[in-house]
file input14.txt (compact mmCIF, C-alpha atoms and all ligand atoms)
# COMPACT_ATOMS: atom_id res chain seq x y z
CA MET A 384 -31.94 -17.99 -33.00
CA VAL A 385 -33.91 -17.79 -29.79
CA LEU A 386 -31.27 -19.94 -28.13
CA SER A 387 -28.35 -17.72 -29.15
CA LEU A 388 -30.17 -14.58 -28.00
CA THR A 389 -30.80 -16.16 -24.63
CA THR A 390 -27.21 -17.32 -24.38
CA SER A 391 -25.74 -13.91 -25.10
CA PHE A 392 -28.12 -12.35 -22.57
CA VAL A 393 -27.01 -14.81 -19.91
CA PHE A 394 -23.34 -14.23 -20.70
CA SER A 395 -23.63 -10.46 -20.50
CA GLN A 396 -24.94 -10.58 -16.93
CA SER A 397 -22.29 -10.57 -14.22
CA ASN A 398 -22.72 -12.04 -10.79
CA SER A 399 -19.18 -11.73 -9.48
CA PHE A 400 -16.24 -9.36 -9.20
CA ILE A 401 -13.08 -10.29 -11.09
CA PRO A 402 -10.46 -7.83 -9.85
CA GLY A 403 -8.03 -6.54 -12.46
CA LYS A 404 -9.94 -7.86 -15.49
CA GLN A 405 -11.91 -5.77 -17.97
CA TRP A 406 -15.21 -4.83 -16.35
CA LYS A 407 -17.79 -4.47 -19.08
CA ASP A 408 -20.76 -2.15 -18.69
CA THR A 409 -24.18 -3.19 -20.00
CA ASP A 410 -23.11 -2.00 -23.48
CA GLY A 411 -20.11 -4.36 -23.37
CA VAL A 412 -17.56 -1.53 -22.95
CA HIS A 413 -14.86 -1.52 -20.24
CA ILE A 414 -16.04 0.76 -17.43
CA ASN A 415 -14.34 4.15 -17.53
CA ALA A 416 -14.59 5.55 -13.98
CA HIS A 417 -11.13 5.68 -12.43
CA GLY A 418 -10.13 7.07 -9.04
CA GLY A 419 -13.82 6.83 -8.30
CA GLY A 420 -16.34 6.56 -5.53
CA VAL A 421 -19.80 5.02 -5.18
CA ILE A 422 -22.98 6.21 -3.47
CA TYR A 423 -26.22 4.35 -2.81
CA ASP A 424 -29.37 6.32 -3.51
CA ASN A 425 -32.96 5.03 -3.54
CA GLY A 426 -32.12 1.44 -4.39
CA THR A 427 -29.41 2.26 -6.94
CA TYR A 428 -25.64 2.48 -6.69
CA TYR A 429 -23.94 5.28 -8.63
CA TRP A 430 -20.24 5.01 -9.47
CA TYR A 431 -18.46 8.25 -10.40
CA GLY A 432 -14.92 8.38 -11.72
CA GLU A 433 -12.30 9.95 -13.93
CA TYR A 434 -13.13 9.42 -17.59
CA LYS A 435 -9.76 8.52 -19.11
CA THR A 436 -8.83 8.42 -22.78
CA SER A 437 -6.21 6.47 -24.66
CA GLY A 438 -2.61 7.49 -25.21
CA ARG A 439 -0.31 9.91 -23.48
CA SER A 440 -2.83 12.66 -22.84
CA GLY A 441 -5.29 10.15 -21.39
CA ASN A 442 -4.75 11.22 -17.80
CA THR A 443 -5.78 14.80 -18.48
CA SER A 444 -9.49 15.49 -18.51
CA LEU A 445 -10.71 15.64 -22.11
CA GLN A 446 -14.35 14.86 -21.28
CA GLY A 447 -15.01 15.06 -17.56
CA ILE A 448 -16.42 12.83 -14.87
CA SER A 449 -18.41 9.74 -15.77
CA CYS A 450 -21.22 7.99 -13.93
CA TYR A 451 -22.51 4.41 -14.02
CA SER A 452 -25.55 3.02 -12.22
CA SER A 453 -26.25 -0.46 -10.87
CA LYS A 454 -28.79 -2.27 -8.74
CA ASP A 455 -26.46 -5.09 -7.71
CA LEU A 456 -22.86 -3.74 -7.91
CA TYR A 457 -22.03 -6.29 -10.66
CA ASN A 458 -23.90 -4.90 -13.68
CA TRP A 459 -23.30 -1.23 -14.52
CA GLU A 460 -25.13 0.97 -16.97
CA ASN A 461 -23.31 3.95 -18.48
CA GLU A 462 -25.07 7.19 -17.43
CA GLY A 463 -22.64 9.30 -19.46
CA ILE A 464 -20.46 12.26 -18.52
CA VAL A 465 -22.13 14.00 -15.58
CA LEU A 466 -19.61 16.84 -15.18
CA LYS A 467 -18.30 18.02 -18.51
CA VAL A 468 -15.05 19.88 -19.03
CA GLU A 469 -15.60 23.22 -20.78
CA ASN A 470 -14.35 24.59 -24.08
CA ASP A 471 -13.91 28.08 -22.63
CA LEU A 472 -10.14 28.48 -22.15
CA ASN A 473 -10.77 30.73 -19.15
CA SER A 474 -12.79 28.10 -17.32
CA GLU A 475 -11.03 26.42 -14.38
CA ILE A 476 -12.26 23.12 -15.80
CA THR A 477 -11.25 23.79 -19.38
CA LYS A 478 -10.59 20.72 -21.53
CA GLY A 479 -7.08 19.42 -20.72
CA CYS A 480 -7.12 20.33 -17.04
CA ILE A 481 -6.58 17.48 -14.57
CA ILE A 482 -9.60 16.16 -12.71
CA GLU A 483 -8.98 13.33 -10.26
CA ARG A 484 -10.69 11.23 -7.60
CA PRO A 485 -14.27 12.61 -7.79
CA LYS A 486 -16.47 11.76 -4.80
CA VAL A 487 -20.20 12.49 -4.58
CA VAL A 488 -22.24 12.84 -1.41
CA PHE A 489 -25.89 13.66 -0.83
CA ASN A 490 -26.79 16.61 1.35
CA LYS A 491 -30.01 15.86 3.26
CA LYS A 492 -30.59 19.52 4.21
CA THR A 493 -30.44 20.94 0.69
CA GLY A 494 -31.45 17.82 -1.24
CA LYS A 495 -28.45 18.35 -3.55
CA TYR A 496 -25.79 15.93 -4.75
CA ILE A 497 -22.39 17.44 -4.08
CA MET A 498 -19.32 16.36 -6.02
CA TRP A 499 -15.81 17.10 -4.77
CA PHE A 500 -12.71 16.40 -6.82
CA HIS A 501 -9.03 17.20 -7.15
CA LEU A 502 -8.47 19.91 -9.75
CA GLU A 503 -5.25 20.92 -11.44
CA LEU A 504 -5.42 23.91 -13.77
CA LYS A 505 -4.47 23.30 -17.39
CA ASN A 506 -0.73 23.36 -18.18
CA GLN A 507 0.30 23.87 -14.56
CA GLY A 508 1.29 20.31 -13.73
CA TYR A 509 0.21 19.50 -10.17
CA ASN A 510 0.99 22.96 -8.78
CA ALA A 511 -2.52 24.34 -8.29
CA ALA A 512 -3.43 21.49 -5.85
CA ARG A 513 -7.06 22.56 -5.46
CA ALA A 514 -10.22 20.95 -4.18
CA ALA A 515 -13.17 21.70 -6.45
CA VAL A 516 -16.92 21.34 -6.02
CA ALA A 517 -19.89 20.84 -8.34
CA VAL A 518 -23.62 20.41 -7.59
CA SER A 519 -26.55 18.53 -9.07
CA ASP A 520 -30.25 17.98 -8.32
CA SER A 521 -30.00 14.38 -9.46
CA PRO A 522 -27.45 11.61 -8.90
CA LYS A 523 -27.35 11.26 -12.70
CA GLY A 524 -26.27 14.86 -13.12
CA PRO A 525 -25.71 17.14 -14.83
CA PHE A 526 -23.37 18.55 -12.19
CA VAL A 527 -22.83 22.30 -12.33
CA TYR A 528 -19.31 23.43 -11.57
CA LYS A 529 -19.14 25.90 -8.65
CA LYS A 530 -15.60 26.76 -7.56
CA SER A 531 -12.18 25.51 -6.51
CA PHE A 532 -10.19 26.11 -3.36
CA ARG A 533 -6.91 25.87 -1.57
CA PRO A 534 -8.61 24.99 1.73
CA ASN A 535 -8.07 26.67 5.09
CA LYS A 536 -6.50 29.90 3.90
CA GLY A 537 -5.29 31.90 6.90
CA VAL A 538 -6.47 29.32 9.46
CA TRP A 539 -4.26 27.20 11.72
CA PRO A 540 -5.16 23.57 12.33
CA MET A 541 -6.79 22.54 15.62
CA ASP A 542 -4.39 22.04 18.51
CA PHE A 543 -1.53 23.69 16.64
CA ASP A 544 1.06 24.81 19.15
CA ASP A 545 1.61 28.58 19.23
CA LYS A 546 5.33 28.04 19.02
CA PHE A 547 4.89 26.54 15.53
CA LYS A 548 3.04 29.56 14.17
CA SER A 549 6.27 31.29 13.18
CA ALA A 550 9.20 29.86 11.25
CA SER A 551 12.32 28.66 12.99
CA ILE A 552 15.55 30.20 11.79
CA GLY A 553 17.12 28.53 8.74
CA GLU A 554 14.34 25.96 8.21
CA ASN A 555 14.02 26.89 4.53
CA ARG A 556 17.58 25.77 3.94
CA LEU A 557 17.19 22.27 5.40
CA LYS A 558 18.04 19.46 3.02
CA SER A 559 15.02 17.38 2.00
CA TRP A 560 14.56 14.03 3.74
CA THR A 561 17.10 14.68 6.47
CA PRO A 562 15.82 14.01 10.02
CA GLU A 563 15.89 17.78 10.70
CA TRP A 564 13.81 18.47 7.60
CA LEU A 565 11.25 15.77 8.52
CA GLU A 566 11.05 17.25 11.99
CA ALA A 567 10.44 20.70 10.48
CA ILE A 568 7.67 19.26 8.29
CA LYS A 569 6.09 17.63 11.36
CA ASN A 570 6.26 20.96 13.11
CA GLY A 571 4.31 22.62 10.32
CA MET A 572 6.92 24.16 8.03
CA LEU A 573 4.70 23.67 4.98
CA VAL A 574 1.53 24.64 6.84
CA ARG A 575 3.24 27.96 7.51
CA ARG A 576 4.46 28.22 3.90
CA ASP A 577 0.89 27.83 2.59
CA PHE A 578 -0.91 29.69 5.38
CA ASP A 579 -1.70 32.77 3.29
CA LYS A 580 -2.59 31.07 0.02
CA GLY A 581 -4.41 28.08 1.51
CA GLN A 582 -3.36 24.48 2.07
CA MET A 583 -2.78 22.10 -0.84
CA SER A 584 -5.43 19.54 -1.77
CA ARG A 585 -4.46 16.71 -4.10
CA ASP A 586 -5.59 13.09 -3.59
CA MET A 587 -8.85 13.28 -1.71
CA THR A 588 -12.04 11.70 -0.53
CA VAL A 589 -15.19 12.94 1.21
CA PHE A 590 -16.69 11.26 4.24
CA VAL A 591 -20.17 11.85 5.69
CA ASP A 592 -20.46 10.87 9.34
CA ASP A 593 -23.54 9.46 11.14
CA ASN A 594 -24.40 12.96 12.34
CA ASP A 595 -24.34 14.23 8.71
CA LYS A 596 -21.17 16.25 9.23
CA ALA A 597 -18.93 15.87 6.20
CA TYR A 598 -15.18 16.09 5.80
CA LEU A 599 -12.74 16.48 2.95
CA ILE A 600 -9.70 14.29 3.54
CA HIS A 601 -6.86 15.48 1.34
CA SER A 602 -3.17 15.00 0.69
CA SER A 603 -1.55 18.30 1.51
CA GLU A 604 1.86 19.83 2.27
CA ASP A 605 3.47 18.47 -0.94
CA ASN A 606 1.71 15.14 -0.22
CA LEU A 607 3.64 14.79 3.04
CA THR A 608 0.69 15.21 5.39
CA LEU A 609 -3.01 14.40 5.17
CA HIS A 610 -5.48 17.06 6.20
CA ILE A 611 -9.04 16.53 7.37
CA SER A 612 -11.17 19.61 6.77
CA GLU A 613 -14.76 19.89 8.00
CA LEU A 614 -17.34 21.01 5.43
CA THR A 615 -20.13 23.48 6.13
CA ASP A 616 -23.67 22.13 6.55
CA ASP A 617 -24.38 22.55 2.81
CA TYR A 618 -21.10 20.68 2.03
CA LEU A 619 -20.04 23.51 -0.30
CA ASP A 620 -17.45 25.23 1.86
CA PHE A 621 -15.11 24.74 4.80
CA THR A 622 -15.89 25.51 8.44
CA GLU A 623 -12.21 26.30 9.08
CA LYS A 624 -12.03 23.40 11.54
CA TRP A 625 -9.24 21.13 10.37
CA THR A 626 -6.51 18.82 11.52
CA ARG A 627 -3.37 17.08 10.26
CA VAL A 628 -2.97 13.30 10.11
CA ALA A 629 0.36 11.47 10.11
CA PRO A 630 2.54 14.57 9.60
CA ALA A 631 5.46 13.85 7.23
CA GLY A 632 3.98 10.34 6.70
CA HIS A 633 3.66 10.79 2.91
CA ASN A 634 0.14 9.42 2.45
CA GLU A 635 -1.98 9.57 -0.70
CA ALA A 636 -5.20 8.00 -1.94
CA PRO A 637 -7.15 8.25 1.34
CA ALA A 638 -10.22 6.04 1.74
CA ILE A 639 -12.23 5.95 4.96
CA PHE A 640 -15.00 4.04 6.70
CA LYS A 641 -16.54 3.77 10.13
CA LYS A 642 -17.28 0.51 11.93
CA ASN A 643 -18.63 0.14 15.46
CA GLY A 644 -18.01 3.81 16.09
CA ILE A 645 -14.33 3.58 15.08
CA TYR A 646 -12.95 5.40 12.02
CA TYR A 647 -10.59 3.48 9.74
CA MET A 648 -8.52 4.86 6.92
CA ILE A 649 -6.58 3.09 4.18
CA THR A 650 -4.02 5.08 2.19
CA SER A 651 -1.07 4.55 -0.14
CA GLY A 652 2.46 5.87 -0.22
CA CYS A 653 3.48 8.35 -2.90
CA THR A 654 4.94 6.81 -6.06
CA GLY A 655 2.78 8.42 -8.76
CA TRP A 656 1.03 5.86 -10.97
CA ASP A 657 3.25 3.03 -9.70
CA PRO A 658 1.82 0.84 -6.97
CA ASN A 659 3.27 0.78 -3.46
CA GLU A 660 2.45 -0.64 -0.04
CA ALA A 661 -0.88 0.46 1.45
CA ARG A 662 -1.17 1.72 5.01
CA SER A 663 -4.05 1.65 7.49
CA PHE A 664 -5.03 3.75 10.49
CA ARG A 665 -7.78 3.94 13.05
CA SER A 666 -9.12 6.53 15.42
CA LYS A 667 -11.94 6.95 17.93
CA SER A 668 -12.55 10.48 16.64
CA ILE A 669 -12.34 11.95 13.16
CA TRP A 670 -9.98 14.48 14.74
CA GLY A 671 -7.57 11.79 15.86
CA PRO A 672 -5.25 10.71 17.25
CA TRP A 673 -4.94 8.30 14.32
CA GLU A 674 -3.12 5.13 15.24
CA SER A 675 -1.07 3.45 12.51
CA LEU A 676 -1.98 -0.20 11.86
CA GLY A 677 0.45 -0.92 9.01
CA ASN A 678 -0.19 -2.61 5.68
CA PRO A 679 -3.71 -4.11 5.52
CA CYS A 680 -2.81 -6.37 2.57
CA VAL A 681 -1.62 -9.93 3.11
CA GLY A 682 -0.27 -12.64 0.81
CA ARG A 683 1.33 -12.39 -2.60
CA ASP A 684 1.89 -8.83 -3.91
CA ALA A 685 0.73 -7.44 -0.56
CA GLU A 686 3.68 -5.02 -0.64
CA LEU A 687 2.25 -3.50 -3.85
CA THR A 688 -1.43 -3.49 -2.81
CA PHE A 689 -1.94 -6.19 -5.48
CA TYR A 690 -0.69 -3.67 -8.07
CA SER A 691 -3.28 -1.08 -7.17
CA GLN A 692 -3.95 2.12 -5.21
CA SER A 693 -6.92 2.81 -2.94
CA THR A 694 -9.70 5.14 -4.01
CA TYR A 695 -12.81 4.47 -1.89
CA ILE A 696 -14.39 2.20 0.69
CA LEU A 697 -17.99 1.28 0.01
CA PRO A 698 -20.37 0.16 2.78
CA VAL A 699 -22.41 -2.76 1.44
CA GLN A 700 -26.15 -2.08 1.63
CA GLY A 701 -28.22 -4.43 3.75
CA LYS A 702 -25.16 -5.81 5.56
CA ILE A 703 -24.04 -4.31 8.82
CA ASP A 704 -20.41 -3.26 8.96
CA GLN A 705 -19.38 -4.89 5.68
CA PHE A 706 -17.18 -2.92 3.34
CA ILE A 707 -15.66 -3.15 -0.13
CA PHE A 708 -12.16 -1.78 -0.68
CA MET A 709 -12.05 -0.09 -4.11
CA ALA A 710 -8.72 0.54 -5.81
CA ASP A 711 -7.29 1.37 -9.23
CA ARG A 712 -4.75 -0.58 -11.19
CA TRP A 713 -3.44 2.36 -13.23
CA LYS A 714 -2.17 2.02 -16.80
CA PRO A 715 -0.31 5.31 -17.36
CA ASP A 716 0.72 4.37 -20.92
CA ASN A 717 -2.89 3.90 -21.94
CA PRO A 718 -5.00 5.20 -19.05
CA ILE A 719 -8.32 4.02 -20.50
CA ASP A 720 -7.14 0.43 -19.87
CA GLY A 721 -6.82 0.98 -16.12
CA SER A 722 -8.73 -1.67 -14.19
CA TYR A 723 -10.45 -2.00 -10.85
CA ILE A 724 -9.44 -3.98 -7.80
CA TRP A 725 -12.38 -4.42 -5.45
CA LEU A 726 -11.90 -6.66 -2.43
CA PRO A 727 -13.92 -7.35 0.72
CA ILE A 728 -12.47 -5.91 3.92
CA LYS A 729 -11.99 -8.52 6.64
CA PHE A 730 -10.84 -7.87 10.18
CA ASP A 731 -8.14 -9.37 12.33
CA LYS A 732 -9.33 -8.12 15.71
CA GLU A 733 -9.24 -4.34 15.18
CA LYS A 734 -7.07 -4.35 12.05
CA PRO A 735 -8.56 -4.26 8.52
CA VAL A 736 -7.23 -7.05 6.31
CA LEU A 737 -7.22 -7.38 2.52
CA ASN A 738 -6.65 -10.75 0.86
CA TRP A 739 -6.42 -11.18 -2.88
CA LEU A 740 -9.42 -12.93 -4.45
CA GLY A 741 -9.34 -13.80 -8.15
CA THR A 742 -13.12 -13.86 -8.25
CA TRP A 743 -15.70 -13.28 -5.56
CA ASN A 744 -19.25 -12.14 -4.88
CA LEU A 745 -21.31 -10.54 -2.13
CA ASP A 746 -21.95 -13.93 -0.48
CA VAL A 747 -18.57 -13.54 1.23
CA PHE A 748 -20.24 -11.07 3.59
C1 LIG A 801 -0.86 9.32 -7.80
C2 LIG A 801 -2.21 9.79 -7.35
C3 LIG A 801 -3.09 9.84 -8.56
C4 LIG A 801 -2.45 10.80 -9.56
C5 LIG A 801 -1.04 10.36 -9.87
C6 LIG A 801 -0.31 11.32 -10.79
O1 LIG A 801 0.03 9.20 -6.73
O2 LIG A 801 -2.74 8.93 -6.39
O3 LIG A 801 -4.39 10.25 -8.20
O4 LIG A 801 -2.43 12.08 -9.01
O5 LIG A 801 -0.30 10.24 -8.68
O6 LIG A 801 1.01 10.94 -10.98

call {"tool": "encode", "arguments": {"input": "input14.txt", "output": "C-alpha cells"}}
result
Amino acid sequence: MVLSLTTSFVFSQSNSFIPGKQWKDTDGVHINAHGGGVIYDNGTYYWYGEYKTSGRSGNTSLQGISCYSSKDLYNWENEGIVLKVENDLNSEITKGCIIERPKVVFNKKTGKYIMWFHLELKNQGYNAARAAVAVSDSPKGPFVYKKSFRPNKGVWPMDFDDKFKSASIGENRLKSWTPEWLEAIKNGMLVRRDFDKGQMSRDMTVFVDDNDKAYLIHSSEDNLTLHISELTDDYLDFTEKWTRVAPAGHNEAPAIFKKNGIYYMITSGCTGWDPNEARSFRSKSIWGPWESLGNPCVGRDAELTFYSQSTYILPVQGKIDQFIFMADRWKPDNPIDGSYIWLPIKFDKEKPVLNWLGTWNLDVF
C-alpha cells in the first residue's frame, strides 16, 4: 500500500517538457490554457490561457480565461477561471463571445495585474477585432473586466508620411493580392479606412520593457500589418504613440523578447487554425526598423513550426538571456485537446533558432 502510494506520487511529478503530448496538471487533467502567456511573480510562475471546451463551439469562450501556477514550470496547479465570461447578454464578454491570447503583466506603479486579450463580440465572427483589458489585485484573480478598444482611433502612426493621410484615387477598387493592392496596403490604405473607428486588434501580445514601458503588439489591418501601440503608465490605455511593423507582411501570433538590448519577435503567417511557417524579426528599437530574419525553425516540419503557432516567449528565471518559445498545436475539431509546444530558443549568431526536441528540461540552458 505504502509502496503504491509512493509510486503514484513519483509518477505524477514531471521533470521535463514533452512537446505535443498531454500535459497533466496536478489533478491529472490536461492543462487548458491555450494561446497563453506566463508571468513570474514572487517565486511562482502563472500561466494564463484560453479555456477551451470540447466540440464545435469549443473555440468560443464558454467559461473564460484560466490560470495555472507552478514553481518549476513542469508541475502546474489549476487556479481556476480567473476572468469569467458573463451571463448578461449585454456584456461585451457574454458567454459565447471569443476571447483569445490573454497576456498578463504586472504594473509596478499601481500594484495591479493587468490582463489584455483579443475580444470578438458574440455572433459577430472576427469583425469587432478589439483589444480588451481586465484588472486584478492578485495574480490568481479574480480579474475584473474593464473595457475593450479599437486602438488608436483618430491617430496616425509615427513617421507616417503626410502624403499617405488621404486616399489615392481608385484604391478601393484594386483587386486583392495584386502588386498594386499590396503597395496600397503598405501605403496605409487600411490605416486610413479604420482611422475614425480605430485600428483592428486581433492576435496580440503585451511586452513590458526594462524601463517599465509596455506595448500591445497586435495583428491589424485585416491581419496584414502588425501594430505596436504604447500603453499608458497604468497599462490600461494607449498613449497614441504607435507604429506599423512589416506592412502587408501578413503576420499573426506575435511573441517578443529582448536579449542584449535587441528586440526579437517571432510570428506566424495567417492560415487560421492550420499551422504555417514561422517568421522572425529583430530591431534595435521597439519602434523599428524591424529586420526580417526568416523562419527560426530548423529540421523536420520546420515549414509548419512543428505543427504549431507561436503564442509567447518566456524568459527563464535565474538564467540570463535564456528563453522558452511557447506555441499551440490547435485541434479545431475538439479544441480542448489542443496541446503545447514549448522549445528552448537557441541562437545562430544574431538569429533565433528553434529545433524540435521530443523531450527536454531546463538543463539545456
Ligand atoms: C489564428 C489565430 C488564432 C485564432 C484563429 C481563428 O490564425 O492565430 O488566435 O484567431 O486564427 O481561426

call {"tool": "closest_residue", "arguments": {"input": "input14.txt", "among": "A:Val589, A:Ile422, A:Val465, A:Leu619", "to": "Gln446 in chain A", "atoms": "all atoms listed in the file"}}
result
A:Val465

call {"tool": "residues_near_ligand", "arguments": {"input": "input14.txt", "ligand": "ligand LIG 801 (chain A)", "cutoff": "6 Å", "atoms": "all atoms listed in the file", "output": "PDB file with C-alpha atoms, in the frame of the given file"}}
result
ATOM      1  CA  GLU A 483      -8.980  13.330 -10.260  1.00  0.00           C
ATOM      2  CA  ASP A 586      -5.590  13.090  -3.590  1.00  0.00           C
ATOM      3  CA  GLU A 635      -1.980   9.570  -0.700  1.00  0.00           C
ATOM      4  CA  ALA A 636      -5.200   8.000  -1.940  1.00  0.00           C
ATOM      5  CA  CYS A 653       3.480   8.350  -2.900  1.00  0.00           C
ATOM      6  CA  THR A 654       4.940   6.810  -6.060  1.00  0.00           C
ATOM      7  CA  GLY A 655       2.780   8.420  -8.760  1.00  0.00           C
ATOM      8  CA  TRP A 656       1.030   5.860 -10.970  1.00  0.00           C
TER       9      TRP A 656
END

call {"tool": "residues_around", "arguments": {"input": "input14.txt", "residues": "range 567-571 of chain A", "least_positions_apart": "2", "cutoff": "9 Å", "atoms": "all atoms listed in the file", "output": "list in words"}}
result
Phe543, Asp544, Phe547, Lys548, Ala550, Ser551, Glu554, Leu557, Pro562, Glu563, Trp564, Leu565, Leu573, Val574, Arg575, Arg576, Glu604, Leu607, Thr608, Ala629, Pro630, Ala631 and Gly632 of chain A

call {"tool": "residues_around", "arguments": {"input": "input14.txt", "residues": "Gln405 in chain A", "least_positions_apart": "4", "cutoff": "10 Å", "atoms": "only C-alpha atoms", "output": "list in words"}}
result
Ile401, Gly411, Val412, His413, Ile414, Asp720, Gly721, Ser722 and Tyr723 of chain A

call {"tool": "write_last_selection", "arguments": {"input": "input14.txt", "atoms": "C-alpha atoms", "output": "PDB file, keeping the file's coordinate frame"}}
result
ATOM      1  CA  ILE A 401     -13.080 -10.290 -11.090  1.00  0.00           C
ATOM      2  CA  GLY A 411     -20.110  -4.360 -23.370  1.00  0.00           C
ATOM      3  CA  VAL A 412     -17.560  -1.530 -22.950  1.00  0.00           C
ATOM      4  CA  HIS A 413     -14.860  -1.520 -20.240  1.00  0.00           C
ATOM      5  CA  ILE A 414     -16.040   0.760 -17.430  1.00  0.00           C
ATOM      6  CA  ASP A 720      -7.140   0.430 -19.870  1.00  0.00           C
ATOM      7  CA  GLY A 721      -6.820   0.980 -16.120  1.00  0.00           C
ATOM      8  CA  SER A 722      -8.730  -1.670 -14.190  1.00  0.00           C
ATOM      9  CA  TYR A 723     -10.450  -2.000 -10.850  1.00  0.00           C
TER      10      TYR A 723
END

call {"tool": "residues_near_point", "arguments": {"input": "input14.txt", "point": "(-21.0, -2.6, -15.2)", "cutoff": "7 Å", "atoms": "only C-alpha atoms", "output": "compact mmCIF listing (two decimals) with C-alpha atoms, keeping the file's coordinate frame"}}
result
# COMPACT_ATOMS: atom_id res chain seq x y z
CA TRP A 406 -15.21 -4.83 -16.35
CA LYS A 407 -17.79 -4.47 -19.08
CA ASP A 408 -20.76 -2.15 -18.69
CA THR A 409 -24.18 -3.19 -20.00
CA ILE A 414 -16.04 0.76 -17.43
CA TYR A 457 -22.03 -6.29 -10.66
CA ASN A 458 -23.90 -4.90 -13.68
CA TRP A 459 -23.30 -1.23 -14.52
CA GLU A 460 -25.13 0.97 -16.97

call {"tool": "residues_around", "arguments": {"input": "input14.txt", "residues": "range 591-593 of chain A", "least_positions_apart": "5", "cutoff": "12 Å", "atoms": "all atoms listed in the file", "output": "PyMOL selection string"}}
result
chain A and resi 422+486-491+497+598-600+612-618+639-646+668-669

call {"tool": "write_last_selection", "arguments": {"input": "input14.txt", "atoms": "C-alpha atoms", "output": "mmCIF file, in the frame of the given file"}}
result
data_model
loop_
_atom_site.group_PDB
_atom_site.id
_atom_site.type_symbol
_atom_site.label_atom_id
_atom_site.label_comp_id
_atom_site.auth_asym_id
_atom_site.auth_seq_id
_atom_site.Cartn_x
_atom_site.Cartn_y
_atom_site.Cartn_z
ATOM 1 C CA ILE A 422 -22.980 6.210 -3.470
ATOM 2 C CA LYS A 486 -16.470 11.760 -4.800
ATOM 3 C CA VAL A 487 -20.200 12.490 -4.580
ATOM 4 C CA VAL A 488 -22.240 12.840 -1.410
ATOM 5 C CA PHE A 489 -25.890 13.660 -0.830
ATOM 6 C CA ASN A 490 -26.790 16.610 1.350
ATOM 7 C CA LYS A 491 -30.010 15.860 3.260
ATOM 8 C CA ILE A 497 -22.390 17.440 -4.080
ATOM 9 C CA TYR A 598 -15.180 16.090 5.800
ATOM 10 C CA LEU A 599 -12.740 16.480 2.950
ATOM 11 C CA ILE A 600 -9.700 14.290 3.540
ATOM 12 C CA SER A 612 -11.170 19.610 6.770
ATOM 13 C CA GLU A 613 -14.760 19.890 8.000
ATOM 14 C CA LEU A 614 -17.340 21.010 5.430
ATOM 15 C CA THR A 615 -20.130 23.480 6.130
ATOM 16 C CA ASP A 616 -23.670 22.130 6.550
ATOM 17 C CA ASP A 617 -24.380 22.550 2.810
ATOM 18 C CA TYR A 618 -21.100 20.680 2.030
ATOM 19 C CA ILE A 639 -12.230 5.950 4.960
ATOM 20 C CA PHE A 640 -15.000 4.040 6.700
ATOM 21 C CA LYS A 641 -16.540 3.770 10.130
ATOM 22 C CA LYS A 642 -17.280 0.510 11.930
ATOM 23 C CA ASN A 643 -18.630 0.140 15.460
ATOM 24 C CA GLY A 644 -18.010 3.810 16.090
ATOM 25 C CA ILE A 645 -14.330 3.580 15.080
ATOM 26 C CA TYR A 646 -12.950 5.400 12.020
ATOM 27 C CA SER A 668 -12.550 10.480 16.640
ATOM 28 C CA ILE A 669 -12.340 11.950 13.160
#

call {"tool": "residues_around", "arguments": {"input": "input14.txt", "residues": "Gly701 in chain A", "least_positions_apart": "3", "cutoff": "12 Å", "atoms": "only C-alpha atoms", "output": "ChimeraX atom specification"}}
result
/A:423,426,455,698,704-706,745,748

call {"tool": "atom_distance", "arguments": {"input": "input14.txt", "atom1": "CA of Gln507 in chain A", "atom2": "CA of Met583 in chain A"}}
result
14.2 Å

call {"tool": "atom_distance", "arguments": {"input": "input14.txt", "atom1": "CA of Ile703 in chain A", "atom2": "CA of Lys523 in chain A"}}
result
26.8 Å

call {"tool": "closest_residue", "arguments": {"input": "input14.txt", "among": "A:Ile696, A:Ile728, A:Ala710, A:Val736", "to": "Gly682 in chain A", "atoms": "all atoms listed in the file"}}
result
A:Val736

call {"tool": "residues_around", "arguments": {"input": "input14.txt", "residues": "Asn470 in chain A", "least_positions_apart": "6", "cutoff": "10 Å", "atoms": "all atoms listed in the file", "output": "PyMOL selection string"}}
result
chain A and resi 445+476-479

call {"tool": "atom_distance", "arguments": {"input": "input14.txt", "atom1": "CA of Leu676 in chain A", "atom2": "CA of Glu566 in chain A"}}
result
21.8 Å

call {"tool": "closest_residue", "arguments": {"input": "input14.txt", "among": "A:Glu733, A:Thr694, A:Pro727, A:His610", "to": "Phe664 in chain A", "atoms": "only C-alpha atoms"}}
result
A:Glu733
